[in-house]
>>> print(open('final.cif').read())   # mmCIF, C-alpha atoms
data_structure
loop_
_atom_site.label_atom_id
_atom_site.label_comp_id
_atom_site.auth_asym_id
_atom_site.auth_seq_id
_atom_site.Cartn_x
_atom_site.Cartn_y
_atom_site.Cartn_z
CA MET A 957 116.54 171.41 18.81
CA THR A 958 119.93 170.45 20.26
CA ILE A 959 123.14 170.09 18.24
CA HIS A 960 122.87 166.34 18.57
CA GLN A 961 119.32 166.24 17.30
CA TYR A 962 120.38 168.37 14.35
CA LEU A 963 123.33 166.09 13.56
CA ASP A 964 121.15 162.99 13.96
CA ALA A 965 118.68 164.46 11.47
CA VAL A 966 121.50 165.12 9.00
CA CYS A 967 122.97 161.64 9.35
CA ALA A 968 119.55 159.99 9.04
CA GLN A 969 119.72 160.96 5.35
CA ILE A 970 123.21 159.56 4.76
CA LYS A 971 123.11 155.86 4.07
CA CYS A 972 126.88 155.49 4.00
CA ARG A 973 127.58 155.09 7.73
CA GLU A 974 131.35 155.32 7.40
CA VAL A 975 131.14 159.08 6.83
CA HIS A 976 128.74 159.82 9.70
CA GLU A 977 131.40 160.51 12.30
CA ALA A 978 133.44 162.88 10.12
CA VAL A 979 130.32 164.73 8.96
CA ARG A 980 129.13 165.16 12.55
CA ALA A 981 132.49 166.46 13.74
CA GLU A 982 132.79 168.89 10.84
CA LEU A 983 129.27 170.30 11.20
CA GLU A 984 129.49 170.42 14.99
CA SER A 985 132.66 172.52 14.90
CA HIS A 986 130.96 174.90 12.44
CA ILE A 987 127.84 175.24 14.61
CA ARG A 988 129.94 175.90 17.70
CA ASP A 989 132.03 178.50 15.86
CA ARG A 990 128.92 180.24 14.62
CA SER A 991 127.16 180.17 17.94
CA GLU A 992 130.23 181.56 19.73
CA ALA A 993 130.37 184.38 17.20
CA LEU A 994 126.70 185.14 17.83
CA GLN A 995 127.22 185.04 21.59
CA SER A 996 130.02 187.59 21.27
CA GLN A 997 127.44 189.81 19.55
CA GLY A 998 125.36 189.67 22.70
CA LEU A 999 123.01 186.71 22.24
CA SER A 1000 122.42 184.26 25.07
CA ALA A 1001 123.82 180.76 24.71
CA GLU A 1002 120.41 179.28 23.80
CA GLN A 1003 119.53 182.05 21.37
CA ALA A 1004 122.93 181.78 19.69
CA LEU A 1005 122.65 178.03 19.27
CA ALA A 1006 119.11 178.28 17.89
CA ALA A 1007 120.19 180.96 15.42
CA ALA A 1008 123.29 178.99 14.41
CA LEU A 1009 121.18 175.89 13.70
CA LYS A 1010 118.70 177.96 11.73
CA GLN A 1011 121.51 179.37 9.61
CA MET A 1012 122.76 175.84 8.90
CA GLY A 1013 119.50 175.13 7.08
CA ASP A 1014 117.12 172.19 7.05
CA PRO A 1015 119.09 169.16 8.30
CA ALA A 1016 117.25 166.89 5.86
CA ASP A 1017 118.45 169.02 2.93
CA VAL A 1018 122.01 169.09 4.20
CA GLY A 1019 121.94 165.34 4.78
CA ALA A 1020 120.51 164.71 1.31
CA GLY A 1021 123.37 166.76 -0.13
CA PHE A 1022 125.90 164.53 1.65
CA HIS A 1023 124.05 161.39 0.61
CA ARG A 1024 124.32 162.35 -3.06
CA ILE A 1025 128.11 162.44 -2.74
CA HIS A 1026 128.67 159.54 -0.37
CA ARG A 1027 126.51 156.89 -1.94
CA PRO A 1028 127.53 153.37 -1.05
CA ARG A 1029 129.51 152.32 -4.12
CA THR A 1030 128.64 149.21 -6.04
CA ASP A 1031 131.69 147.04 -6.62
CA TRP A 1032 131.10 146.35 -10.31
CA ALA A 1033 134.42 144.54 -10.73
CA LEU A 1034 133.49 142.01 -8.03
CA MET A 1035 130.01 141.64 -9.48
CA GLY A 1036 131.42 141.11 -12.98
CA ALA A 1037 133.92 138.53 -11.69
CA THR A 1038 131.14 136.64 -9.88
CA VAL A 1039 128.95 136.49 -12.96
CA ALA A 1040 131.92 135.45 -15.10
CA LEU A 1041 132.85 132.61 -12.71
CA VAL A 1042 129.25 131.39 -12.51
CA ALA A 1043 129.00 131.46 -16.30
CA ALA A 1044 132.27 129.54 -16.57
CA GLY A 1045 130.91 126.95 -14.13
CA ILE A 1046 127.74 126.45 -16.17
CA GLY A 1047 129.79 126.27 -19.35
CA ALA A 1048 132.05 123.62 -17.83
CA MET A 1049 129.10 121.47 -16.75
CA TYR A 1050 127.51 121.68 -20.19
CA ALA A 1051 130.87 120.72 -21.68
CA ILE A 1052 130.93 117.58 -19.50
CA ASP A 1053 127.35 116.84 -20.59
CA ALA A 1054 128.35 117.12 -24.23
CA SER A 1055 130.80 114.26 -23.80
CA GLN A 1056 129.11 112.15 -21.13
CA GLN A 1057 125.36 112.92 -21.20
CA ILE A 1058 124.97 113.05 -17.42
CA GLY A 1059 122.69 116.07 -17.19
CA TYR A 1060 124.93 118.29 -15.03
CA GLY A 1061 124.36 121.35 -17.22
CA PRO A 1062 120.69 122.17 -16.50
CA LYS A 1063 121.16 121.37 -12.80
CA GLN A 1064 124.15 123.71 -12.57
CA ALA A 1065 122.21 126.42 -14.43
CA ILE A 1066 119.26 126.19 -12.02
CA TYR A 1067 121.46 126.30 -8.90
CA ALA A 1068 123.42 129.22 -10.32
CA LEU A 1069 120.18 131.10 -10.99
CA VAL A 1070 118.91 130.44 -7.44
CA GLY A 1071 122.25 131.63 -6.07
CA LEU A 1072 122.21 134.81 -8.12
CA VAL A 1073 118.64 135.60 -7.12
CA ALA A 1074 119.63 135.13 -3.46
CA CYS A 1075 122.63 137.45 -4.00
CA ALA A 1076 120.43 140.06 -5.65
CA TRP A 1077 117.96 139.84 -2.79
CA PHE A 1078 120.69 140.47 -0.22
CA PHE A 1079 122.04 143.29 -2.38
CA TRP A 1080 118.78 145.21 -2.55
CA PHE A 1081 117.16 144.23 0.72
CA ASP A 1082 117.83 146.81 3.38
CA TYR A 1083 118.88 144.43 6.12
CA GLY A 1084 119.30 147.42 8.42
CA LEU A 1085 115.56 146.82 8.95
CA ILE A 1086 116.19 143.73 11.08
CA ARG A 1087 117.99 145.86 13.67
CA THR A 1088 114.77 146.35 15.62
CA TRP A 1089 114.13 142.59 15.67
CA GLY A 1090 117.28 141.56 17.53
CA TRP A 1091 115.80 139.67 20.48
CA PRO A 1092 112.98 137.94 18.56
CA LEU A 1093 115.45 136.79 15.90
CA TRP A 1094 117.80 135.59 18.59
CA LEU A 1095 115.07 133.61 20.37
CA LEU A 1096 113.40 132.24 17.25
CA PRO A 1097 115.93 129.49 16.40
CA GLY A 1098 115.65 128.17 19.94
CA PHE A 1099 111.89 127.62 19.51
CA PHE A 1100 111.91 126.16 16.06
CA GLY A 1101 115.14 124.24 16.14
CA TRP A 1102 114.60 122.80 19.60
CA PRO A 1103 116.44 121.03 21.03
CA THR A 1104 119.42 121.51 18.77
CA PRO A 1105 119.34 124.61 16.58
CA PRO A 1106 122.60 124.86 14.64
CA PRO A 1107 124.57 127.84 15.98
CA LEU A 1108 124.89 129.56 12.60
CA ILE A 1109 121.20 130.50 12.51
CA TYR A 1110 121.76 132.74 15.52
CA LEU A 1111 123.92 135.01 13.37
CA PRO A 1112 121.18 137.31 11.99
CA GLY A 1113 119.83 137.80 15.52
CA LEU A 1114 123.28 138.47 16.93
CA ALA A 1115 124.12 140.89 14.12
CA ALA A 1116 120.86 142.74 14.76
CA LEU A 1117 121.48 142.83 18.51
CA PHE A 1118 125.08 144.01 18.22
CA ALA A 1119 124.17 146.75 15.75
CA ARG A 1120 122.21 148.45 18.53
CA TRP A 1121 124.26 147.17 21.45
CA ARG A 1122 125.16 149.87 23.97
CA TRP A 1123 128.87 149.21 23.91
CA ASP A 1124 129.69 152.01 26.35
CA ASP A 1125 127.84 150.11 29.08
CA ARG A 1126 130.17 148.61 31.69
CA TRP A 1127 128.87 145.09 31.22
CA ALA A 1128 128.43 145.37 27.46
CA SER A 1129 131.22 143.01 26.45
CA GLY A 1130 130.28 140.45 29.07
CA LYS A 1131 126.65 140.43 27.99
CA ALA A 1132 127.70 140.23 24.35
CA VAL A 1133 129.81 137.14 25.07
CA ALA A 1134 126.87 135.66 27.00
CA VAL A 1135 124.31 136.00 24.18
CA GLY A 1136 126.92 134.82 21.69
CA VAL A 1137 128.23 131.86 23.65
CA VAL A 1138 125.12 130.58 25.42
CA PRO A 1139 123.31 129.30 22.30
CA VAL A 1140 126.45 127.65 20.96
CA ALA A 1141 127.27 126.08 24.30
CA ALA A 1142 123.67 124.86 24.63
CA TYR A 1143 123.85 123.40 21.13
CA ILE A 1144 127.06 121.54 21.86
CA LEU A 1145 125.76 120.19 25.17
CA PHE A 1146 122.45 119.00 23.70
CA LYS A 1147 124.22 117.52 20.71
CA GLN A 1148 126.58 115.58 22.95
CA ALA A 1149 123.78 114.46 25.17
CA SER A 1150 121.57 113.30 22.31
CA ASP A 1151 124.50 111.61 20.55
CA ALA A 1152 125.38 109.84 23.78
CA MET A 1153 121.80 108.66 24.12
CA SER A 1154 121.44 107.40 20.58
CA THR A 1155 124.78 105.64 20.56
CA SER A 1156 124.64 104.25 24.08
CA PRO A 1157 124.38 100.54 23.87
CA SER A 1158 121.00 99.25 24.94
CA PHE A 1159 121.00 95.86 26.37
CA MET B 550 119.27 193.19 -1.34
CA ASN B 551 120.18 189.54 -1.56
CA VAL B 552 121.17 187.50 -4.55
CA SER B 553 118.68 184.75 -5.39
CA LYS B 554 119.54 181.18 -4.47
CA GLU B 555 119.51 180.01 -8.09
CA LEU B 556 121.99 182.66 -9.15
CA LEU B 557 124.31 181.77 -6.29
CA LYS B 558 124.10 178.04 -6.93
CA GLY B 559 126.06 178.26 -10.17
CA SER B 560 128.85 180.28 -8.61
CA THR B 561 129.54 178.48 -5.33
CA VAL B 562 132.30 176.33 -6.81
CA ILE B 563 134.21 179.28 -8.26
CA LEU B 564 133.81 181.15 -4.96
CA ILE B 565 135.14 178.25 -2.90
CA LEU B 566 138.05 177.49 -5.23
CA SER B 567 139.01 181.20 -5.34
CA LEU B 568 139.09 181.39 -1.55
CA LEU B 569 141.15 178.23 -1.24
CA ASP B 570 143.51 179.45 -3.96
CA ARG B 571 144.53 182.21 -1.57
CA GLN B 572 144.70 180.23 1.65
CA GLU B 573 143.86 176.89 3.27
CA MET B 574 140.63 177.26 5.19
CA TYR B 575 137.97 175.42 7.16
CA GLY B 576 134.30 175.71 6.32
CA TYR B 577 133.27 178.31 8.84
CA GLN B 578 136.23 180.45 7.84
CA MET B 579 135.12 180.32 4.18
CA ILE B 580 131.61 181.44 5.09
CA ALA B 581 132.94 184.27 7.24
CA GLU B 582 135.28 185.33 4.44
CA ILE B 583 132.51 185.26 1.82
CA GLU B 584 130.29 187.27 4.15
CA ARG B 585 133.03 189.82 4.72
CA THR B 586 134.16 190.29 1.11
CA SER B 587 130.72 190.18 -0.47
CA GLY B 588 129.26 192.61 2.05
CA GLY B 589 126.66 190.07 3.13
CA VAL B 590 125.02 189.95 -0.32
CA PHE B 591 125.19 186.17 -0.43
CA SER B 592 122.99 184.66 2.20
CA PHE B 593 122.69 180.93 1.99
CA LYS B 594 122.16 178.07 4.36
CA GLU B 595 125.58 177.37 5.77
CA GLY B 596 125.15 173.61 6.02
CA THR B 597 124.90 173.36 2.23
CA LEU B 598 128.54 174.42 1.90
CA TYR B 599 129.77 171.08 3.23
CA PRO B 600 128.28 168.70 0.69
CA ILE B 601 129.80 170.96 -1.99
CA LEU B 602 133.21 170.73 -0.30
CA HIS B 603 132.91 166.95 -0.11
CA ALA B 604 131.97 166.81 -3.78
CA LEU B 605 134.99 168.95 -4.71
CA GLU B 606 137.17 166.62 -2.68
CA SER B 607 135.83 163.51 -4.38
CA GLU B 608 136.51 165.16 -7.73
CA GLY B 609 140.08 165.80 -6.60
CA TYR B 610 139.91 169.59 -6.73
CA VAL B 611 140.56 170.00 -3.01
CA GLU B 612 142.11 167.93 -0.22
CA SER B 613 141.23 168.03 3.44
CA TYR B 614 142.98 167.40 6.73
CA TRP B 615 142.01 167.71 10.38
CA ALA B 616 143.93 170.11 12.56
CA ASP B 617 143.58 171.99 15.80
CA GLY B 618 142.77 175.59 14.98
CA ASP B 619 143.72 178.62 17.04
CA GLY B 620 141.67 177.31 19.95
CA ALA B 621 141.38 173.73 21.12
CA ARG B 622 138.58 172.95 18.63
CA LYS B 623 139.39 170.45 15.89
CA ARG B 624 138.72 171.76 12.43
CA LYS B 625 138.74 170.27 8.98
CA TYR B 626 140.86 172.33 6.66
CA TYR B 627 140.66 172.27 2.90
CA ARG B 628 143.42 173.04 0.45
CA ILE B 629 143.27 173.38 -3.32
CA THR B 630 145.07 170.84 -5.54
CA GLY B 631 146.73 171.23 -8.93
CA GLY B 632 143.57 169.89 -10.53
CA GLY B 633 141.56 172.41 -8.55
CA ARG B 634 143.70 175.26 -9.85
CA GLY B 635 143.10 174.09 -13.42
CA GLU B 636 139.37 173.91 -12.75
CA LEU B 637 139.43 177.39 -11.21
CA LYS B 638 141.17 178.80 -14.29
CA ALA B 639 138.55 177.24 -16.56
CA ARG B 640 135.70 178.48 -14.34
CA ARG B 641 137.17 181.99 -14.29
CA SER B 642 137.29 182.30 -18.05
CA GLU B 643 133.82 180.79 -18.26
CA TRP B 644 132.63 183.33 -15.71
CA SER B 645 134.07 186.34 -17.53
CA LEU B 646 132.59 185.12 -20.79
CA PHE B 647 129.22 184.68 -19.09
CA ARG B 648 129.38 188.06 -17.38
CA THR B 649 130.24 190.02 -20.53
CA ALA B 650 127.59 188.16 -22.52
CA VAL B 651 124.89 188.87 -19.93
CA ASP B 652 125.98 192.50 -19.65
CA ARG B 653 125.81 192.90 -23.40
CA VAL B 654 122.34 191.42 -23.63
CA ILE B 655 120.90 193.45 -20.78
CA GLY B 656 122.65 196.52 -22.15
CA GLU B 657 125.20 197.37 -19.52
CA THR B 658 128.51 197.29 -21.33
CA HIS B 659 131.47 198.48 -19.33
CA ALA B 660 133.78 199.00 -22.28
#
>>> encode(input="final.cif", output="structure tokens")
Amino acid sequence: MTIHQYLDAVCAQIKCREVHEAVRAELESHIRDRSEALQSQGLSAEQALAAALKQMGDPADVGAGFHRIHRPRTDWALMGATVALVAAGIGAMYAIDASQQIGYGPKQAIYALVGLVACAWFFWFDYGLIRTWGWPLWLLPGFFGWPTPPPLIYLPGLAALFARWRWDDRWASGKAVAVGVVPVAAYILFKQASDAMSTSPSF
Amino acid sequence: MNVSKELLKGSTVILILSLLDRQEMYGYQMIAEIERTSGGVFSFKEGTLYPILHALESEGYVESYWADGDGARKRKYYRITGGGRGELKARRSEWSLFRTAVDRVIGETHA
């Protein structure tokens, strides 16, 4: 096992990605210190590294320890404020109903419920899973929305692509602009063309 | 002879805070110091030290900062806070209470 494989195995357990870099740097400097100390006792470089990694312990255990401390925090204040505002909205619509009998209340309540369910779904769904589906998600709107898929539905595909984008590649930024701009440009061109056709006067 | 993992688990915090009470240290330094002063009695997986350090930091008992050590390698140093000193004091009196009580029960009174 190399240092990087060890660190990858540790970080695989830590859901909070913001701490990955600091954890890696801290553990790496420890492993290098330890393996240098072992080398000065006469071990070869490979032996020293292997022994140092062994002394670190099971990377999954170490990672689980970090995960317990660096859990992604739930913003309860924001969640409370959202629920309070939604409740106020429903209350307001029922209040209008009480005076005017239009039937806004039940409608508002149903939409609010749908919205909250959607929020809850996004909260619990691990959308990191779509990372492996970047290209299919990016192509999909083109097939189904042909000829004019609205540009916004490319966003999940783009997000998935960019999450695994190899940004250190020389052409990375250029390619990123291409996959981001091409669908939007195509949309605008098709839209203009089809608008021109439908509005062109036919004699 | 080594001390069992379970026995060590309850005392890692007091060990770490005691070390940091004397001096600011980075993780590897703490392990080396524990090894040296305990005569190698405590053998534990070194990686497990770091989640404990992070937990102590999130509880406000220690603070950390990155610095270049003696060599060119970057190291993350930890220092004890006022809150950490208070916690250490509490843990010390708890420890001495625990130690005397255990000694009394197993029949090894010093006094």
>>> resolve_selection(input="final.cif", expression="the PyMOL selection byres ((chain A) within 7 of (chain B))", output="ChimeraX atom specification")
/A:982,985-986,1011-1013,1018,1021-1022,1025
>>> atom_distance(input="final.cif", atom1="CA of Ile565 (chain B)", atom2="CA of Gln969 (chain A)")
24.6 Å
>>> atom_distance(input="final.cif", atom1="CA of Glu573 (chain B)", atom2="CA of His1023 (chain A)")
25.3 Å
>>> atom_distance(input="final.cif", atom1="CA of Phe1081 (chain A)", atom2="CA of Ala1068 (chain A)")
19.7 Å
>>> residues_around(input="final.cif", residues="Arg628 (chain B)", least_positions_apart="2", cutoff="10 Å", atoms="only C-alpha atoms", output="number ranges by chain")
B: 566, 568-575, 606, 610-614, 626, 630, 633
>>> write_last_selection(input="final.cif", atoms="C-alpha atoms", output="PDB file, in the frame of the given file")
ATOM      1  CA  LEU B 566     138.050 177.490  -5.230  1.00  0.00           C
ATOM      2  CA  LEU B 568     139.090 181.390  -1.550  1.00  0.00           C
ATOM      3  CA  LEU B 569     141.150 178.230  -1.240  1.00  0.00           C
ATOM      4  CA  ASP B 570     143.510 179.450  -3.960  1.00  0.00           C
ATOM      5  CA  ARG B 571     144.530 182.210  -1.570  1.00  0.00           C
ATOM      6  CA  GLN B 572     144.700 180.230   1.650  1.00  0.00           C
ATOM      7  CA  GLU B 573     143.860 176.890   3.270  1.00  0.00           C
ATOM      8  CA  MET B 574     140.630 177.260   5.190  1.00  0.00           C
ATOM      9  CA  TYR B 575     137.970 175.420   7.160  1.00  0.00           C
ATOM     10  CA  GLU B 606     137.170 166.620  -2.680  1.00  0.00           C
ATOM     11  CA  TYR B 610     139.910 169.590  -6.730  1.00  0.00           C
ATOM     12  CA  VAL B 611     140.560 170.000  -3.010  1.00  0.00           C
ATOM     13  CA  GLU B 612     142.110 167.930  -0.220  1.00  0.00           C
ATOM     14  CA  SER B 613     141.230 168.030   3.440  1.00  0.00           C
ATOM     15  CA  TYR B 614     142.980 167.400   6.730  1.00  0.00           C
ATOM     16  CA  TYR B 626     140.860 172.330   6.660  1.00  0.00           C
ATOM     17  CA  THR B 630     145.070 170.840  -5.540  1.00  0.00           C
ATOM     18  CA  GLY B 633     141.560 172.410  -8.550  1.00  0.00           C
TER      19      GLY B 633
END
>>> resolve_selection(input="final.cif", expression="the PyMOL selection byres ((chain A and resi 1113) around 9)", output="PyMOL selection string")
chain A and resi 1086-1087+1089-1096+1109-1112+1114-1118
>>> residues_around(input="final.cif", residues="region 992-1005 of chain A", least_positions_apart="5", cutoff="10 Å", atoms="all atoms listed in the file", output="ChimeraX atom specification")
/A:957-959,986-987,1010-1011
>>> resolve_selection(input="final.cif", expression="the PyMOL selection byres ((chain B and resi 551) around 7)", output="compact mmCIF listing (two decimals) with C-alpha atoms, in the frame of the given file")
# COMPACT_ATOMS: atom_id res chain seq x y z
CA MET B 550 119.27 193.19 -1.34
CA VAL B 552 121.17 187.50 -4.55
CA SER B 553 118.68 184.75 -5.39
CA VAL B 590 125.02 189.95 -0.32
CA PHE B 591 125.19 186.17 -0.43
CA SER B 592 122.99 184.66 2.20
>>> residues_around(input="final.cif", residues="Ile1066 (chain A)", least_positions_apart="4", cutoff="12 Å", atoms="only C-alpha atoms", output="list of chain:residue names")
A:Val1042, A:Ala1043, A:Gly1045, A:Ile1046, A:Met1049, A:Gly1059, A:Tyr1060, A:Gly1061, A:Pro1062, A:Val1070, A:Gly1071, A:Leu1072, A:Val1073
